[in-house]
Amino acid sequence: MSPHAPAPYGGGYPDAPGGHDPYAGQGAYAGQSTYAGGQSGYADQGQGTYADPGGYGAPGQYADPGGYPDRQDAYAPEPAAAEPVEPQPSADEPAEEEPEDPKGGRLATAAVFLVPTAVAFALILHRIGDRELWRDEHATWWAATLSFHDLSMLIRSIDVVFTPYYVLMHFWIDIAGDSPTAMRIPGAVAMAASAGLLALLGRRLFTTQAGLLAGLAFAVVPTTTRYGQEIRPYAFAVAAVLLSTLLLARALDKPSFKVWVAYTLSVPLIGWSHLASMAVLGAHLVMILIARRAGDKIVGWAFAAACTLGMCFVIPMAISGSGQSGQIAWNNPGPKDLIDFPKNLFGTWEVAVPVMALGALGLFFAGRRALPLAVWIVLPPVATYVTAAQLHLFLPRYLLFTAPAWVLLAAVAVVRIAGPVAGAKAGTGAAVRRGAGWVLVAAAVAGLAFQALPGIREARQNALGEPDFHGAAQLIEAGQKKGDGIVFSGVMSERRAMDYELRNDAGRPRDSLMYRTPQELGSFGALECPDAARCLAKADRLWLVSTTLDGQPFSGMPKTTATAIQKSFKVVQTRKLPYLQLVLLERTRAATDDPSEDKDDAAKRKVHT
C-alpha cells in the first residue's frame, strides 16, 4: 500500500474531531468502484462504494427534487480528507527503507560528494611519488610518450583496449611531465572522485547516512590508495562504473531526456576504461527489469537505445582486442586465486572480512535494490573466473569496480543495525536517532580506518617482487664513464624500466645490444643484435642489469650473447639490490671484429624518437 493512501474504513467519513458518519450502518454495495461524482478518496481500492438511496447524485451533492440535476446545494458538507496511515512491514520479510528524498539543493549534494572525495584524495596524495614505478606503469609511460604514429603502430599488435587511456596520458604528460607524482595525479583524482560518486549513489538509493558512510569507508580501503597511486586505468574504471550507475538511478527516479543522454555517454566510458568493467551492465539490466515490473514500460526501450548507441563506440575496440588476448595469457587462475580474491580486492583480510560479512548482511536490508547490487558483486568475478582459460580476465585489479558495491551494502547494514534510518518517516525521537546514526557513521569509518592502516602503509611501498630499477639507475649515474654500454638479462622488462629511470641522463650508457627499436617493431620490446660480439665492439665497459631468479646474471639472455660477453669482458663489481643484480664488466682484450665497421648500428639510436 502506498504510504499516502487513505486509511480503510467501513463507511462514510473517517473519525475526526467534530466529524460524523452520514452513512452509519450501511454496507458497501458490490460491483461499484467509484462514486457517481468521479471521486475516489473515500474507499480503498477493491471496496465497494455507496449508492445514493435518497436521490444523492454524488458525495456532497444533493439531487434536485424539482428536476434540476445540475443545481448544487450550498449547504452540502465537504468531505474530510483521509489521514495517511504508515504502512506496516510484513512480519515475514525485513522492512525496506525508501530512499531518502535527496533534498537540500546543490549545497547538500556538493557536501555529500566532496567530503568523501577530500578524504580519499588526502590519503592517496600522501607520499604518492615515493613508490617506484613497476613494469605495468613503465608500459603506460612508454606508450603515452610515443608519437601518435608510433602509438598507432603499437596498438595494432598490443594494448588496443587501453588506447583511450594512453591518449589521455599522452596529453597529460605533455602538460605535467613524466615524474611519478605527475603521472599518478589523474588516477588519484579519478579514484578520489569515485568515493564521492559512491556517496551520491548511496544517498540516492538509500539515505544520506548510508551514502556518506559508504563513501568514507571506500576512501579508507587500502586498494583505493593502492590503485589511486597507479599509472593504469583501473581508477578510471571504478569512476566510470559509479558515474554510469548513478546516472541510471537518476534516470529511473526522475527520467528526462538529458539524463538518458548522459547515461548513454557513460556507457562507452566504462568500456574505454577497461573491458571487464562492462560486466556491470548486468546489474543495470536488473535495475531496468525491476522498473518495468513496477509498471514503467518506456524504460526498457530507453535502456536498449542507450546501450546500443554506447556499445557502438566499444565493440570495435573489443573486437580488435580479442585478437591480442595472448598478452595476458600468463594469467591462468586456480582455486588459490579464487580463495585469495577477497584479500586482493580490498588489500588485506582485516578489511575484506568485515566489509564482505556486513555486505552480505546488507543484502537483507536493501529491499528491491538487493538484486542489482548482488549481480554487481557476483557476476563479474564469476564470469571472468569461468572464462579465465579463454579471456584471462580474472584479476582483482581488473575487478576493482565491484568493491564499491560491497562497501555500499556494508554501509546499509551498519546503518540499519543501529535502528531505523532517519528520514521522512523517522517519527517520534527522529532527532535522537538521527544524531545516533551520525555517531555510528563516524565510529564505523574510524573502526575500518584502524583496520585498514597497515594495508594503506603497505600500499605505498614498492610492489612485491618488483626489481629496484631506481636504485640501479642511481648507481649507474654515479659510476658511469663515457663510452659505457648497458645490457639486460631477465624477463622483467628491464630495458623499458631502465629507459625510464635514465630518461633525464644525457650521458647514459648506450643500449649496446638493441638492433631494432620497439617503435620499428610496433611493440614494447626491442630486437637484440644477432651478432653480439660485433655490437659490443665499441664498448670498453658494460653495465649488466639482471633480474634472473637463479642468481646467475647471464642466465636470462641468449646463450650466444652470454658467451660473447664472458669471452671479451670480466666482472669487476657486483651490486645486489632487491630482486636485481647490477654487474659492472670491463673489456679484457680487443674485439676480434673490425671496430671501424659500423653497419646499421642501432645501439646508437635513441629508444624514443
# chains A, B, ... in the order shown; residues from 1 in each chain; ligands from 1
call {"tool": "closest_atom_pairs", "arguments": {"of": "segment 155-237 of chain A", "to": "segment 451-469 of chain A", "cutoff": "12 Å", "atoms": "only C-alpha atoms", "output": "Markdown table"}}
result
| residue | atom | partner | partner_atom | distance |
| --- | --- | --- | --- | --- |
| A:Ala217 | CA | A:Ala452 | CA | 9.9 |
| A:Phe218 | CA | A:Ala452 | CA | 10.6 |
| A:Ala219 | CA | A:Ala452 | CA | 10.3 |
| A:Val220 | CA | A:Ala452 | CA | 6.6 |
| A:Val221 | CA | A:Ala452 | CA | 6.2 |
| A:Pro222 | CA | A:Ile456 | CA | 4.6 |
| A:Thr223 | CA | A:Ala459 | CA | 7.2 |
| A:Thr224 | CA | A:Ile456 | CA | 8.7 |
| A:Thr225 | CA | A:Ile456 | CA | 6.5 |
| A:Arg226 | CA | A:Ala459 | CA | 4.9 |
| A:Tyr227 | CA | A:Ala459 | CA | 8.5 |
| A:Gly228 | CA | A:Ala459 | CA | 10.0 |
| A:Gln229 | CA | A:Arg460 | CA | 8.1 |
| A:Glu230 | CA | A:Ala459 | CA | 10.2 |
call {"tool": "closest_atom_pairs", "arguments": {"of": "segment 286-403 of chain A", "to": "segment 444-450 of chain A", "cutoff": "10 Å", "atoms": "only C-alpha atoms", "output": "JSON lines"}}
result
{"residue": "A:Glu350", "atom": "CA", "partner": "A:Leu448", "partner_atom": "CA", "distance": 8.9}
{"residue": "A:Val351", "atom": "CA", "partner": "A:Leu448", "partner_atom": "CA", "distance": 7.0}
{"residue": "A:Pro354", "atom": "CA", "partner": "A:Leu448", "partner_atom": "CA", "distance": 8.5}
{"residue": "A:Val355", "atom": "CA", "partner": "A:Leu448", "partner_atom": "CA", "distance": 8.7}
call {"tool": "closest_residue", "arguments": {"among": "A:Ala235, A:Phe524, A:Leu243, A:Trp376", "to": "Ala144 of chain A", "atoms": "only C-alpha atoms"}}
result
A:Phe524
call {"tool": "closest_residue", "arguments": {"among": "A:Tyr234, A:Trp141, A:Phe303, A:Tyr398", "to": "Val261 of chain A", "atoms": "only C-alpha atoms"}}
result
A:Phe303
call {"tool": "select_by_dssp", "arguments": {"residues": "segment 386-590 of chain A", "states": "strand (DSSP E or B)", "output": "JSON, numbers by chain"}}
result
{"A": [485, 486, 487, 488, 489, 510, 511, 514, 515, 516, 527, 528, 541, 542, 543, 544, 545, 546, 569, 570, 571, 572, 573, 574, 575, 576, 577, 580, 581, 582, 583, 584, 585, 586, 587]}
call {"tool": "closest_residue", "arguments": {"among": "A:Ala276, A:Trp406, A:Trp142, A:Ala305", "to": "Ala352 of chain A", "atoms": "only C-alpha atoms"}}
result
A:Trp406
call {"tool": "residues_around", "arguments": {"residues": "segment 195-207 of chain A", "least_positions_apart": "3", "cutoff": "6 Å", "atoms": "only C-alpha atoms", "output": "MDAnalysis selection string"}}
result
chainID A and resid 99:100 113 116:117 192 210:212 214:215 218:219 246
call {"tool": "residues_around", "arguments": {"residues": "Pro509 of chain A", "least_positions_apart": "5", "cutoff": "9 Å", "atoms": "only C-alpha atoms", "output": "compact mmCIF listing (two decimals) with all heavy atoms, in the first residue's frame"}}
result
# COMPACT_ATOMS: atom_id res chain seq x y z
N ILE A 476 74.36 3.53 -11.53
CA ILE A 476 74.94 3.73 -12.86
C ILE A 476 75.30 5.20 -13.07
O ILE A 476 76.39 5.53 -13.56
CB ILE A 476 73.95 3.25 -13.94
CG1 ILE A 476 73.82 1.73 -13.89
CG2 ILE A 476 74.41 3.71 -15.33
CD1 ILE A 476 72.76 1.17 -14.83
N GLN A 480 79.18 5.87 -13.98
CA GLN A 480 79.33 5.72 -15.43
C GLN A 480 80.49 6.55 -15.99
O GLN A 480 80.90 7.56 -15.43
CB GLN A 480 78.02 6.11 -16.13
CG GLN A 480 77.67 7.58 -16.01
CD GLN A 480 76.27 7.87 -16.55
OE1 GLN A 480 75.57 6.97 -16.98
NE2 GLN A 480 75.86 9.11 -16.51
N LYS A 481 81.00 6.08 -17.14
CA LYS A 481 82.05 6.79 -17.87
C LYS A 481 81.63 6.89 -19.33
O LYS A 481 80.78 6.13 -19.81
CB LYS A 481 83.38 6.05 -17.76
CG LYS A 481 83.98 5.99 -16.37
CD LYS A 481 85.30 5.24 -16.38
CE LYS A 481 85.91 5.18 -14.98
NZ LYS A 481 87.21 4.44 -14.98
N LYS A 482 82.25 7.81 -20.01
CA LYS A 482 81.96 7.98 -21.42
C LYS A 482 82.31 6.72 -22.18
O LYS A 482 83.38 6.15 -21.99
CB LYS A 482 82.73 9.17 -21.99
CG LYS A 482 82.36 9.51 -23.42
CD LYS A 482 83.12 10.74 -23.90
CE LYS A 482 82.73 11.06 -25.35
NZ LYS A 482 83.44 12.26 -25.84
N GLY A 483 81.40 6.28 -23.04
CA GLY A 483 81.64 5.08 -23.82
C GLY A 483 81.10 3.81 -23.19
O GLY A 483 81.23 2.72 -23.76
N ASP A 484 80.49 3.91 -22.00
CA ASP A 484 79.91 2.72 -21.36
C ASP A 484 78.69 2.24 -22.16
O ASP A 484 78.00 3.01 -22.81
CB ASP A 484 79.46 3.04 -19.94
CG ASP A 484 80.63 3.15 -18.97
OD1 ASP A 484 81.78 2.94 -19.41
OD2 ASP A 484 80.40 3.45 -17.78
N GLY A 485 78.47 0.93 -22.06
CA GLY A 485 77.27 0.34 -22.64
C GLY A 485 76.43 -0.31 -21.56
O GLY A 485 76.87 -0.50 -20.42
N ILE A 486 75.19 -0.65 -21.89
CA ILE A 486 74.30 -1.31 -20.94
C ILE A 486 73.61 -2.47 -21.63
O ILE A 486 73.24 -2.38 -22.81
CB ILE A 486 73.26 -0.31 -20.37
CG1 ILE A 486 72.45 -0.96 -19.24
CG2 ILE A 486 72.33 0.22 -21.47
CD1 ILE A 486 71.58 0.04 -18.49
N LEU A 542 80.73 -2.48 -19.59
CA LEU A 542 79.30 -2.82 -19.70
C LEU A 542 78.66 -2.82 -18.33
O LEU A 542 79.26 -3.31 -17.36
CB LEU A 542 79.11 -4.20 -20.35
CG LEU A 542 79.38 -4.35 -21.84
CD1 LEU A 542 79.15 -5.80 -22.25
CD2 LEU A 542 78.47 -3.43 -22.65
N TRP A 543 77.45 -2.26 -18.26
CA TRP A 543 76.61 -2.39 -17.08
C TRP A 543 75.55 -3.45 -17.39
O TRP A 543 74.74 -3.27 -18.29
CB TRP A 543 75.93 -1.08 -16.74
CG TRP A 543 76.87 0.02 -16.33
CD1 TRP A 543 77.43 0.95 -17.15
CD2 TRP A 543 77.35 0.30 -15.02
NE1 TRP A 543 78.24 1.81 -16.43
CE2 TRP A 543 78.20 1.43 -15.11
CE3 TRP A 543 77.14 -0.27 -13.76
CZ2 TRP A 543 78.84 1.98 -14.01
CZ3 TRP A 543 77.78 0.28 -12.66
CH2 TRP A 543 78.63 1.38 -12.78
call {"tool": "closest_atom_pairs", "arguments": {"of": "segment 391-478 of chain A", "to": "segment 499-502 of chain A", "cutoff": "12 Å", "atoms": "only C-alpha atoms", "output": "Markdown table"}}
result
| residue | atom | partner | partner_atom | distance |
| --- | --- | --- | --- | --- |
| A:Asp468 | CA | A:Glu501 | CA | 10.4 |
| A:Phe469 | CA | A:Glu501 | CA | 7.1 |
| A:His470 | CA | A:Glu501 | CA | 6.0 |
| A:Gly471 | CA | A:Glu501 | CA | 9.1 |
| A:Ala472 | CA | A:Glu501 | CA | 8.8 |
| A:Ala473 | CA | A:Glu501 | CA | 6.0 |
| A:Gln474 | CA | A:Glu501 | CA | 8.6 |
| A:Leu475 | CA | A:Leu502 | CA | 11.0 |
| A:Ile476 | CA | A:Leu502 | CA | 9.0 |
| A:Glu477 | CA | A:Leu502 | CA | 8.1 |
| A:Ala478 | CA | A:Leu502 | CA | 11.8 |
call {"tool": "write_last_selection", "arguments": {"atoms": "N, CA and C atoms", "output": "CSV table (one decimal), in the first residue's frame"}}
result
chain,number,residue,atom,x,y,z
A,468,ASP,N,64.5,-3.3,-8.1
A,468,ASP,CA,64.8,-2.0,-7.7
A,468,ASP,C,65.6,-1.3,-8.8
A,469,PHE,N,64.8,-1.0,-9.9
A,469,PHE,CA,65.5,-0.3,-11.1
A,469,PHE,C,65.9,1.1,-10.7
A,470,HIS,N,65.2,1.8,-9.9
A,470,HIS,CA,65.6,3.1,-9.5
A,470,HIS,C,66.9,3.1,-8.8
A,471,GLY,N,67.1,2.2,-7.9
A,471,GLY,CA,68.4,2.1,-7.2
A,471,GLY,C,69.6,1.7,-8.2
A,472,ALA,N,69.3,0.9,-9.2
A,472,ALA,CA,70.3,0.5,-10.2
A,472,ALA,C,70.6,1.8,-11.0
A,473,ALA,N,69.6,2.6,-11.3
A,473,ALA,CA,69.9,3.8,-12.1
A,473,ALA,C,70.8,4.8,-11.4
A,474,GLN,N,70.5,4.9,-10.1
A,474,GLN,CA,71.4,5.8,-9.3
A,474,GLN,C,72.8,5.3,-9.2
A,475,LEU,N,73.0,4.0,-9.1
A,475,LEU,CA,74.4,3.5,-9.1
A,475,LEU,C,75.1,3.7,-10.5
A,476,ILE,N,74.4,3.5,-11.5
A,476,ILE,CA,74.9,3.7,-12.9
A,476,ILE,C,75.3,5.2,-13.1
A,477,GLU,N,74.4,6.1,-12.7
A,477,GLU,CA,74.7,7.5,-12.9
A,477,GLU,C,75.9,8.0,-12.0
A,478,ALA,N,76.1,7.3,-10.9
A,478,ALA,CA,77.2,7.7,-10.0
A,478,ALA,C,78.6,7.2,-10.5
